[in-house]
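Enquirer: The following file, final-v9.pdb, comprises PDB, C-alpha atoms:
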MODEL        1
ATOM      1  CA  GLU Z  30       0.000   0.000   0.000
ATOM      2  CA  PRO Z  31       1.382   3.445  -0.902
ATOM      3  CA  GLU Z  32       2.552   5.503   2.040
ATOM      4  CA  VAL Z  33       3.927   8.913   2.903
ATOM      5  CA  THR Z  34       7.598   8.846   3.837
ATOM      6  CA  GLN Z  35       9.608  11.412   5.774
ATOM      7  CA  THR Z  36      13.315  11.983   6.248
ATOM      8  CA  PRO Z  37      15.168  12.186   8.495
ATOM      9  CA  SER Z  38      13.398  10.383  11.304
ATOM     10  CA  HIS Z  39      15.278  12.495  13.841
ATOM     11  CA  GLN Z  40      17.055  15.805  13.312
ATOM     12  CA  VAL Z  41      19.115  17.562  15.942
ATOM     13  CA  THR Z  42      20.096  21.159  15.298
ATOM     14  CA  GLN Z  43      21.414  24.152  17.156
ATOM     15  CA  MET Z  44      19.299  27.194  17.819
ATOM     16  CA  GLY Z  45      19.508  29.666  14.954
ATOM     17  CA  GLN Z  46      20.331  27.056  12.335
ATOM     18  CA  GLU Z  47      18.221  26.345   9.288
ATOM     19  CA  VAL Z  48      16.609  22.934   8.895
ATOM     20  CA  ILE Z  49      14.805  21.303   6.002
ATOM     21  CA  LEU Z  50      12.410  18.475   6.679
ATOM     22  CA  ARG Z  51      11.598  16.293   3.713
ATOM     23  CA  CYS Z  52       8.522  14.364   2.745
ATOM     24  CA  VAL Z  53       7.561  12.187  -0.193
ATOM     25  CA  PRO Z  54       3.767  12.217  -0.474
ATOM     26  CA  ILE Z  55       1.765   9.453  -2.114
ATOM     27  CA  SER Z  56       2.386   9.754  -5.831
ATOM     28  CA  ASN Z  57      -1.065  10.587  -7.195
ATOM     29  CA  HIS Z  58      -2.018  12.928  -4.369
ATOM     30  CA  LEU Z  59      -2.504  16.606  -5.098
ATOM     31  CA  TYR Z  60      -2.764  18.235  -1.674
ATOM     32  CA  PHE Z  61      -0.021  18.356   0.903
ATOM     33  CA  TYR Z  62       0.107  19.362   4.528
ATOM     34  CA  TRP Z  63       2.458  19.887   7.425
ATOM     35  CA  TYR Z  64       1.511  19.468  11.066
ATOM     36  CA  ARG Z  65       3.522  19.564  14.253
ATOM     37  CA  GLN Z  66       3.122  17.922  17.640
ATOM     38  CA  ILE Z  67       4.954  19.223  20.662
ATOM     39  CA  LEU Z  68       5.701  16.430  23.113
ATOM     40  CA  GLY Z  69       2.609  15.489  25.070
ATOM     41  CA  GLN Z  70       0.338  17.844  23.157
ATOM     42  CA  LYS Z  71      -2.164  17.506  20.351
ATOM     43  CA  VAL Z  72      -1.424  17.597  16.642
ATOM     44  CA  GLU Z  73      -1.427  21.175  15.297
ATOM     45  CA  PHE Z  74      -1.982  22.261  11.697
ATOM     46  CA  LEU Z  75       0.761  24.318  10.078
ATOM     47  CA  VAL Z  76       0.049  24.649   6.364
ATOM     48  CA  SER Z  77      -1.733  23.183   3.378
ATOM     49  CA  PHE Z  78      -0.324  23.319  -0.162
ATOM     50  CA  TYR Z  79      -1.789  22.776  -3.599
ATOM     51  CA  ASN Z  80      -0.666  23.550  -7.115
ATOM     52  CA  ASN Z  81       2.606  25.019  -5.865
ATOM     53  CA  GLU Z  82       0.867  27.489  -3.611
ATOM     54  CA  ILE Z  83      -0.032  27.683   0.044
ATOM     55  CA  SER Z  84      -3.788  27.149   0.431
ATOM     56  CA  GLU Z  85      -4.035  27.879   4.112
ATOM     57  CA  LYS Z  86      -1.693  28.391   7.034
ATOM     58  CA  SER Z  87      -2.013  28.671  10.776
ATOM     59  CA  GLU Z  88      -0.756  31.359  13.118
ATOM     60  CA  ILE Z  89       2.184  29.095  13.935
ATOM     61  CA  PHE Z  90       3.396  29.228  10.331
ATOM     62  CA  ASP Z  91       5.170  32.584  10.478
ATOM     63  CA  ASP Z  92       7.915  34.032   8.284
ATOM     64  CA  GLN Z  93      10.449  31.568   9.689
ATOM     65  CA  PHE Z  94       8.642  28.738   7.937
ATOM     66  CA  SER Z  95       8.409  28.002   4.244
ATOM     67  CA  VAL Z  96       7.266  25.075   2.139
ATOM     68  CA  GLU Z  97       8.276  23.965  -1.302
ATOM     69  CA  ARG Z  98       7.675  21.228  -3.798
ATOM     70  CA  PRO Z  99      11.047  21.323  -5.525
ATOM     71  CA  ASP Z 100      10.304  18.462  -7.899
ATOM     72  CA  GLY Z 101       7.508  16.064  -8.718
ATOM     73  CA  SER Z 102       7.946  13.937  -5.642
ATOM     74  CA  ASN Z 103       9.320  15.850  -2.661
ATOM     75  CA  PHE Z 104       7.569  18.291  -0.361
ATOM     76  CA  THR Z 105       9.743  20.187   2.098
ATOM     77  CA  LEU Z 106       9.318  22.293   5.204
ATOM     78  CA  LYS Z 107      12.086  24.767   5.939
ATOM     79  CA  ILE Z 108      12.625  26.533   9.229
ATOM     80  CA  ARG Z 109      15.032  29.393   8.647
ATOM     81  CA  SER Z 110      16.317  30.102  12.133
ATOM     82  CA  THR Z 111      15.272  27.461  14.593
ATOM     83  CA  LYS Z 112      14.217  28.286  18.134
ATOM     84  CA  LEU Z 113      14.055  26.019  21.154
ATOM     85  CA  GLU Z 114      10.264  26.030  20.939
ATOM     86  CA  ASP Z 115      10.411  24.558  17.441
ATOM     87  CA  SER Z 116      11.358  21.237  19.022
ATOM     88  CA  ALA Z 117       8.518  18.912  18.099
ATOM     89  CA  MET Z 118       7.476  16.014  15.900
ATOM     90  CA  TYR Z 119       6.645  17.238  12.410
ATOM     91  CA  PHE Z 120       4.191  15.260  10.324
ATOM     92  CA  CYS Z 121       3.672  15.514   6.600
ATOM     93  CA  ALA Z 122       0.362  14.413   5.101
ATOM     94  CA  SER Z 123      -1.169  14.197   1.657
ATOM     95  CA  SER Z 124      -4.608  13.656   0.189
ATOM     96  CA  PRO Z 125      -5.821  12.815  -3.323
ATOM     97  CA  GLY Z 126      -8.321  15.668  -3.249
ATOM     98  CA  TRP Z 127      -9.130  18.667  -1.131
ATOM     99  CA  VAL Z 128     -10.159  17.788   2.400
ATOM    100  CA  PHE Z 129     -12.879  20.449   2.273
ATOM    101  CA  SER Z 130     -14.527  19.049  -0.849
ATOM    102  CA  GLN Z 131     -18.217  18.313  -0.848
ATOM    103  CA  GLU Z 132     -17.268  14.685  -0.236
ATOM    104  CA  PRO Z 133     -14.097  15.171   1.783
ATOM    105  CA  TYR Z 134     -10.925  13.223   1.282
ATOM    106  CA  GLU Z 135      -8.944  11.650   4.078
ATOM    107  CA  GLN Z 136      -5.381  12.615   4.807
ATOM    108  CA  TYR Z 137      -2.545  10.120   4.836
ATOM    109  CA  PHE Z 138       0.171  10.907   7.351
ATOM    110  CA  GLY Z 139       3.840  10.049   7.356
ATOM    111  CA  PRO Z 140       5.689   8.655  10.385
ATOM    112  CA  GLY Z 141       7.078  12.067  11.346
ATOM    113  CA  THR Z 142      10.429  13.749  11.861
ATOM    114  CA  ARG Z 143      11.453  14.475  15.418
ATOM    115  CA  LEU Z 144      13.190  17.855  15.490
ATOM    116  CA  THR Z 145      15.298  18.645  18.519
ATOM    117  CA  VAL Z 146      16.660  22.173  18.828
ATOM    118  CA  THR Z 147      19.470  22.595  21.346
TER     119      THR Z 147
ATOM    120  CA  ASP U  28      -9.249  24.648  19.155
ATOM    121  CA  ALA U  29     -11.021  25.513  22.395
ATOM    122  CA  LYS U  30     -14.374  24.780  20.817
ATOM    123  CA  THR U  31     -13.645  21.115  20.077
ATOM    124  CA  THR U  32     -13.306  19.121  23.268
ATOM    125  CA  GLN U  33     -12.693  15.495  24.099
ATOM    126  CA  PRO U  34     -12.058  13.686  27.388
ATOM    127  CA  ASN U  35      -8.339  13.436  28.097
ATOM    128  CA  SER U  36      -8.382   9.703  28.662
ATOM    129  CA  MET U  37     -10.612   6.650  28.749
ATOM    130  CA  GLU U  38     -10.129   3.021  29.639
ATOM    131  CA  SER U  39     -11.926  -0.012  28.344
ATOM    132  CA  ASN U  40     -11.688  -3.737  28.781
ATOM    133  CA  GLU U  41     -10.561  -5.794  25.849
ATOM    134  CA  GLU U  42     -13.390  -7.049  23.622
ATOM    135  CA  GLU U  43     -15.813  -4.534  25.089
ATOM    136  CA  PRO U  44     -17.393  -1.687  23.085
ATOM    137  CA  VAL U  45     -15.887   1.778  23.482
ATOM    138  CA  HIS U  46     -17.682   5.075  22.988
ATOM    139  CA  LEU U  47     -15.388   8.061  22.457
ATOM    140  CA  PRO U  48     -17.202  11.416  22.574
ATOM    141  CA  CYS U  49     -16.328  14.729  20.962
ATOM    142  CA  ASN U  50     -18.066  18.065  21.467
ATOM    143  CA  HIS U  51     -17.926  20.464  18.527
ATOM    144  CA  SER U  52     -20.476  23.041  19.539
ATOM    145  CA  THR U  53     -19.669  25.625  16.826
ATOM    146  CA  ILE U  54     -19.994  23.253  13.894
ATOM    147  CA  SER U  55     -22.036  24.474  10.949
ATOM    148  CA  GLY U  56     -24.425  22.562   8.746
ATOM    149  CA  THR U  57     -21.886  21.745   6.041
ATOM    150  CA  ASP U  58     -18.942  20.814   8.247
ATOM    151  CA  TYR U  59     -17.923  17.192   8.057
ATOM    152  CA  ILE U  60     -16.492  15.487  11.117
ATOM    153  CA  HIS U  61     -13.388  13.380  10.669
ATOM    154  CA  TRP U  62     -11.819  11.067  13.212
ATOM    155  CA  TYR U  63      -8.185  10.049  13.265
ATOM    156  CA  ARG U  64      -6.185   7.980  15.680
ATOM    157  CA  GLN U  65      -2.521   8.056  16.560
ATOM    158  CA  LEU U  66      -0.932   4.797  17.570
ATOM    159  CA  PRO U  67       2.193   5.049  19.765
ATOM    160  CA  SER U  68       5.151   6.557  17.901
ATOM    161  CA  GLN U  69       3.218   6.883  14.644
ATOM    162  CA  GLY U  70       1.528   9.562  12.605
ATOM    163  CA  PRO U  71      -2.242   9.945  12.742
ATOM    164  CA  GLU U  72      -4.310   7.592  10.637
ATOM    165  CA  TYR U  73      -7.787   8.106   9.296
ATOM    166  CA  VAL U  74     -10.622   6.259  11.001
ATOM    167  CA  ILE U  75     -13.953   7.541   9.703
ATOM    168  CA  HIS U  76     -15.902  10.640   8.732
ATOM    169  CA  GLY U  77     -19.542  11.725   8.547
ATOM    170  CA  LEU U  78     -21.878  14.669   8.083
ATOM    171  CA  THR U  79     -25.312  13.967   9.514
ATOM    172  CA  SER U  80     -26.288  10.347   9.592
ATOM    173  CA  ASN U  81     -24.449   7.580  11.349
ATOM    174  CA  VAL U  82     -21.635   5.938   9.443
ATOM    175  CA  ASN U  83     -19.992   2.537   9.592
ATOM    176  CA  ASN U  84     -16.781   1.173   8.164
ATOM    177  CA  ARG U  85     -14.504  -1.740   8.896
ATOM    178  CA  MET U  86     -12.713   0.125  11.686
ATOM    179  CA  ALA U  87     -15.500   1.835  13.591
ATOM    180  CA  SER U  88     -18.895   3.501  13.633
ATOM    181  CA  LEU U  89     -19.622   7.181  13.949
ATOM    182  CA  ALA U  90     -22.766   8.417  15.635
ATOM    183  CA  ILE U  91     -23.580  12.074  15.081
ATOM    184  CA  ALA U  92     -26.028  13.876  17.346
ATOM    185  CA  GLU U  93     -29.123  15.296  15.744
ATOM    186  CA  ASP U  94     -28.010  18.875  16.463
ATOM    187  CA  ARG U  95     -24.529  17.902  15.200
ATOM    188  CA  LYS U  96     -22.870  19.555  18.189
ATOM    189  CA  SER U  97     -21.340  16.274  19.262
ATOM    190  CA  SER U  98     -20.306  12.960  17.806
ATOM    191  CA  THR U  99     -19.262   9.615  19.197
ATOM    192  CA  LEU U 100     -16.759   7.215  17.739
ATOM    193  CA  ILE U 101     -17.701   3.646  18.511
ATOM    194  CA  LEU U 102     -15.272   0.749  18.538
ATOM    195  CA  HIS U 103     -17.517  -2.270  18.726
ATOM    196  CA  ARG U 104     -15.025  -4.680  20.189
ATOM    197  CA  ALA U 105     -11.829  -3.065  21.415
ATOM    198  CA  THR U 106      -8.553  -4.923  21.032
ATOM    199  CA  LEU U 107      -5.152  -4.151  22.462
ATOM    200  CA  ARG U 108      -4.179  -2.760  19.063
ATOM    201  CA  ASP U 109      -6.815  -0.057  19.451
ATOM    202  CA  ALA U 110      -4.836   1.609  22.240
ATOM    203  CA  ALA U 111      -4.132   5.048  20.794
ATOM    204  CA  VAL U 112      -4.980   8.732  21.009
ATOM    205  CA  TYR U 113      -8.218   9.430  19.137
ATOM    206  CA  TYR U 114      -8.770  12.857  17.615
ATOM    207  CA  CYS U 115     -11.920  14.310  16.152
ATOM    208  CA  GLN U 116     -11.473  16.925  13.452
ATOM    209  CA  PRO U 117     -14.526  18.983  12.547
ATOM    210  CA  LEU U 118     -13.863  20.513   9.139
ATOM    211  CA  ASN U 119     -14.771  24.158   9.458
ATOM    212  CA  PHE U 120     -15.469  25.422   5.951
ATOM    213  CA  GLY U 121     -15.184  28.980   7.135
ATOM    214  CA  ASN U 122     -11.728  28.396   8.540
ATOM    215  CA  GLU U 123      -9.860  25.795   6.510
ATOM    216  CA  LYS U 124      -7.179  25.201   9.096
ATOM    217  CA  LEU U 125      -7.749  21.514   9.790
ATOM    218  CA  THR U 126      -7.820  21.734  13.565
ATOM    219  CA  PHE U 127      -7.717  18.575  15.627
ATOM    220  CA  GLY U 128      -9.597  18.196  18.865
ATOM    221  CA  THR U 129      -7.777  17.797  22.142
ATOM    222  CA  GLY U 130      -7.601  14.020  21.755
ATOM    223  CA  THR U 131      -8.594  11.098  23.988
ATOM    224  CA  ARG U 132      -5.954   8.617  25.069
ATOM    225  CA  LEU U 133      -7.632   5.201  25.023
ATOM    226  CA  THR U 134      -6.164   2.474  27.202
ATOM    227  CA  ILE U 135      -7.311  -1.101  26.671
ATOM    228  CA  ILE U 136      -7.188  -3.389  29.673
ATOM    229  CA  PRO U 137      -6.487  -7.026  28.821
TER     230      PRO U 137
ENDMDL
END
So that I can check it, write out the structure of this file as structure tokens.
Expert:
Amino acid sequence: EPEVTQTPSHQVTQMGQEVILRCVPISNHLYFYWYRQILGQKVEFLVSFYNNEISEKSEIFDDQFSVERPDGSNFTLKIRSTKLEDSAMYFCASSPGWVFSQEPYEQYFGPGTRLTVT
Amino acid sequence: DAKTTQPNSMESNEEEPVHLPCNHSTISGTDYIHWYRQLPSQGPEYVIHGLTSNVNNRMASLAIAEDRKSSTLILHRATLRDAAVYYCQPLNFGNEKLTFGTGTRLTIIP
């Protein structure tokens, strides 16, 4: 069964450094998402992406964050200057159609990248 | 989202039914309700979704209140593999930010 993959599984970085988290969505999916989960807390939406544009973003997704689909398979989340509070598990997800369609599509999540900022 | 609430935790005996509630008091008439679960050390996985009437699939059933301000995920016969955090996700068409509820940690007692 096709699945979303994410690399690396664990990333350790120093405060102020840039990190890029990578995701390979399911191949025929058109919509892509990033979420984060701080340890012990609920899953929080960051951004949705379609047709090479951001569809929606949360208040968390400030100017330090950016997303890109550099080629036909990868979807990346970049944090320009990491802060201690960026330490979290980051999940990528994809869906074949828009979640908010009249008949909504489910999202398929990857296993996550644990980001530790020291 | 402060308007989508779930109990922090629930316990159930193995092979018993489990009813997991979610309150989504600000839902509108066109907002679907999705449920996901997160097994230990994994990403969330889709369980079920519905709009008005009750829904069944191979994993679970979803009962939606008549006023749609709450829903209940039903696992008919819980197994140890159902131990997870269960999230409801009302899809707010006016605010397409895909907010998860607070989540219920389900513990299954053998």
Enquirer: Can you tell me, as an mmCIF file with C-alpha atoms, in the coordinates of the input, what residues are no more than 10 Å from Z:Ser95 when counting only C-alpha atoms, ignoring any on the same chain fewer than 3 positions away?
Expert:
data_model
loop_
_atom_site.group_PDB
_atom_site.id
_atom_site.type_symbol
_atom_site.label_atom_id
_atom_site.label_comp_id
_atom_site.auth_asym_id
_atom_site.auth_seq_id
_atom_site.Cartn_x
_atom_site.Cartn_y
_atom_site.Cartn_z
ATOM 1 C CA ILE Z 49 14.805 21.303 6.002
ATOM 2 C CA VAL Z 76 0.049 24.649 6.364
ATOM 3 C CA ILE Z 83 -0.032 27.683 0.044
ATOM 4 C CA PHE Z 90 3.396 29.228 10.331
ATOM 5 C CA ASP Z 91 5.170 32.584 10.478
ATOM 6 C CA ASP Z 92 7.915 34.032 8.284
ATOM 7 C CA THR Z 105 9.743 20.187 2.098
ATOM 8 C CA LEU Z 106 9.318 22.293 5.204
ATOM 9 C CA LYS Z 107 12.086 24.767 5.939
ATOM 10 C CA ILE Z 108 12.625 26.533 9.229
ATOM 11 C CA ARG Z 109 15.032 29.393 8.647
#
Enquirer: Applied to this file, what does the ChimeraX specification (/U :<8) & /Z return in terms of residues, put as a list in words?
Expert: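 So the ChimeraX specification (/U :<8) & /Z ends up selecting Lys71, Val72, Glu73, Phe74, Val76, Glu85, Lys86, Ser87, Phe120, Phe129, Pro133, Glu135, Gln136, Tyr137, Phe138, Gly139, Pro140 and Gly141 of chain Z.
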Enquirer: May I have the residues within 7 Å of U:Thr32 as an mmCIF file with C-alpha atoms, in the frame of the given file, using only C-alpha atoms and disregarding those fewer than 2 positions away in the same chain?
Expert:
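So the final result, stored in selection-v6.cif, reads:
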data_model
loop_
_atom_site.group_PDB
_atom_site.id
_atom_site.type_symbol
_atom_site.label_atom_id
_atom_site.label_comp_id
_atom_site.auth_asym_id
_atom_site.auth_seq_id
_atom_site.Cartn_x
_atom_site.Cartn_y
_atom_site.Cartn_z
ATOM 1 C CA ALA U 29 -11.021 25.513 22.395
ATOM 2 C CA LYS U 30 -14.374 24.780 20.817
ATOM 3 C CA PRO U 34 -12.058 13.686 27.388
ATOM 4 C CA CYS U 49 -16.328 14.729 20.962
ATOM 5 C CA ASN U 50 -18.066 18.065 21.467
ATOM 6 C CA HIS U 51 -17.926 20.464 18.527
ATOM 7 C CA GLY U 128 -9.597 18.196 18.865
ATOM 8 C CA THR U 129 -7.777 17.797 22.142
#
Enquirer: Just so the selection is clear, what residues does the PyMOL selection byres ((chain Z and resi 144) around 7) cover here, as a ChimeraX atom specification?
Expert: /Z:39-41,116-118,142-143,145-146
Enquirer: Provide the atom CA of Z:Cys121 to atom CA of Z:Thr36 distance in Å, to one decimal place.
Expert: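 Rounded to one decimal, the two atoms are 10.3 Å apart.
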Enquirer: To test your reading of the syntax: which residues would the PyMOL selection byres ((chain Z and resi 51-56) around 7) return for the file shown? Reply as a list in words.
Expert: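 On the file shown, the PyMOL selection byres ((chain Z and resi 51-56) around 7) covers Pro31, Glu32, Val33, Thr34, Gln35, Thr36, Ile49, Leu50, Asn57, His58, Ser102, Asn103, Phe104, Thr105, Leu106, Cys121, Ala122 and Ser123 of chain Z.
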Enquirer: Dump as a list in words all residues having an atom at most 6 Å from (-16.3, 6.4, 18.0), computed in the file's coordinates with only C-alpha atoms.
Expert: His46, Leu47, Ser88, Leu89, Thr99, Leu100, Ile101 and Leu102 of chain U
Enquirer: To one decimal in Å, tell me the separation between atom CA of Z:Gln131 and atom CA of U:Ser80.
Expert: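 So the answer is 15.4 Å.
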Enquirer: Report the centre and edge lengths, in Å to one decimal, of an axis-aligned box enclosing every atom of stretch 102-120 of chain Z listed in the file, padded by 3 Å on each side, as AutoDock Vina command-line options.
Expert:
--center_x 10.3 --center_y 22.0 --center_z 7.8 --size_x 18.1 --size_y 22.2 --size_z 32.8
Enquirer: I'd like the interatomic distance between atom CA of U:Ser36 and atom CA of Z:Tyr64, to a tenth of an Å.
Expert: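 Atom CA of Z:Tyr64 lies at a distance of 22.4 Å from atom CA of U:Ser36.
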Enquirer: Considering only C-alpha atoms, return as an mmCIF file with C-alpha atoms, in the frame of the given file whatever protein or nucleic-acid residues lie within 6 Å of U:Ala111, sequence-local ones (same chain, fewer than 5 positions apart) excluded.
Expert:
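Now in around.cif:
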data_model
loop_
_atom_site.group_PDB
_atom_site.id
_atom_site.type_symbol
_atom_site.label_atom_id
_atom_site.label_comp_id
_atom_site.auth_asym_id
_atom_site.auth_seq_id
_atom_site.Cartn_x
_atom_site.Cartn_y
_atom_site.Cartn_z
ATOM 1 C CA GLN U 65 -2.521 8.056 16.560
ATOM 2 C CA LEU U 66 -0.932 4.797 17.570
ATOM 3 C CA ARG U 132 -5.954 8.617 25.069
ATOM 4 C CA LEU U 133 -7.632 5.201 25.023
#
